[in-house]
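Enquirer: The following block contains the structure, expressed as structure tokens.
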Amino acid sequence: MTFTNPQEAITRLKGFLQPWYESIADPETAQKKVLGILLGHYRQTEYGREHGVEQVETSDDFRQAFPVVSYEEYKPLIQQVMAGEVSMLLSEPPIGWAITRGTTKGESKFIPMTPTDLKMRVSAGRAVMENVLNSGRFDIFQGVNLNLNFPSVVGKVQTGDREIEYGYSSGIYLKHVSASTPIRSVPSQDEIDALGGGKNLKDWEARFDLAYQKCKQENVTLVGGVAPTAIEFGRFLRKKYGKYPRDLWDVKLMTLGSVPGINTRLKPQLKAMYGHVEIREIYGATEGMFGQQKDTARAWVPNFDLFFFEVQTRSGIKMLHEMKPGEMGSLIASTPILARYKIGDLIRAFRPPYFRCIGRDYWYTSLVYGWGEVTSFNLDRL
């Protein structure tokens, strides 16, 4: 998809963003609508029928019928899907598998992807679209996105009588966003995939060298991917070629995810390497793309129009949009594949509609976050 003039760009960008805007303005209505859509998926699965999905109409019904479930608890059902019992958890056949980088007891989580799921992952492009629409920097589309993502294809997993590709969610996001937005990514995800799925230093140096060689003569206006990888790429360039990214390109925007503190503790380091650049945070996981930064406020805004969000707080489970500023809770997200899935992330609410993921849901996370805000002089400011 390409834009031929600014007015066309404005019209099409607004069209992409309008459902998100409407859900932010009225999250309660949006979440009721999303729940209805998700229940339609669950009615087609054995898991949904086992939990009496036909009797579920309201969010209260949903909470009473479906338990909050972690990955370890979902794992046996996912293994049944791999064995060919697709309808156990899915309303449509899987077309791929997303894996993590090993955050669950050192092992990669395997999450099945469906056509519906993949369409929802395109929401990763909203951070770029919103920035371009508000800034008028349509020249971003005249350049390329420096692709520093993980491979989207690492291998194949047997699913019943079929072999289906699996890869890292960040690469999969990029591959499908590129096909649905006017942003051209270099190197292509296929070129990254061709280098293999290794995770050691040699593997990453090969990917970084590929990115440098492919992009050194390009007009790089955008950098997307995992924040620590963007930092490591800057160090690699400095060590091997004696240059930082700012010496090669005039990057306008970085859309980064994967870790907390991108716009606070990591921002000085990123700007030192990449120059005067706008930074936009994306909040996603292997299970879905749940939110992205909307403006200069240093927090992300949920995709209320795509997923059903709850949080487990000290006072009990409530809707994400019901959280008060300063309140914290463990995120529970419902997707077309996973009902009431406890991700394991601790979320902090700011003034509506802004949130931050401050880390994994451990007892000490809020203490570490608070100390980091004090020592970095951010002091919980948006």
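We name chains A, B, ... following the order of the structure tokens; residues begin at 1 in each chain, and ligands are numbered from 1 as shown.
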Could you write out, as an MDAnalysis selection string, all the residues of range 198-301 of chain A that DSSP marks as strand (DSSP E)?
Expert: chainID A and resid 220:226 253:257 278:285 288:293 300:301
Enquirer: Mind the document's chain letters and residue numbers, and return as a PyMOL selection string the residues of range 98-169 of chain A that DSSP labels helix (DSSP H, G or I).
Expert: chain A and resi 115-135+138-142+169
Enquirer: Distance CA of Tyr168 in chain A-CA of Val154 in chain A, one decimal place?
Expert: 7.6 Å
Enquirer: Leaving out Ile337 in chain A and any residue of its chain fewer than 3 positions from it, which residues lie within 10 Å of it when counting only C-alpha atoms, given as a list in words?
Expert: Leu38, His41, Tyr42, Thr45, Leu89, Leu90, Ser91, Glu92, Ile111, Pro112, Met113, Thr114, Thr116, Asp117, Glu287, Gly288, Ser334, Arg340 and Tyr341 of chain A
Enquirer: In Å, rounded to a single decimal, give me how far CA of Lys175 in chain A is from CA of Arg162 in chain A.
Expert: 22.3 Å
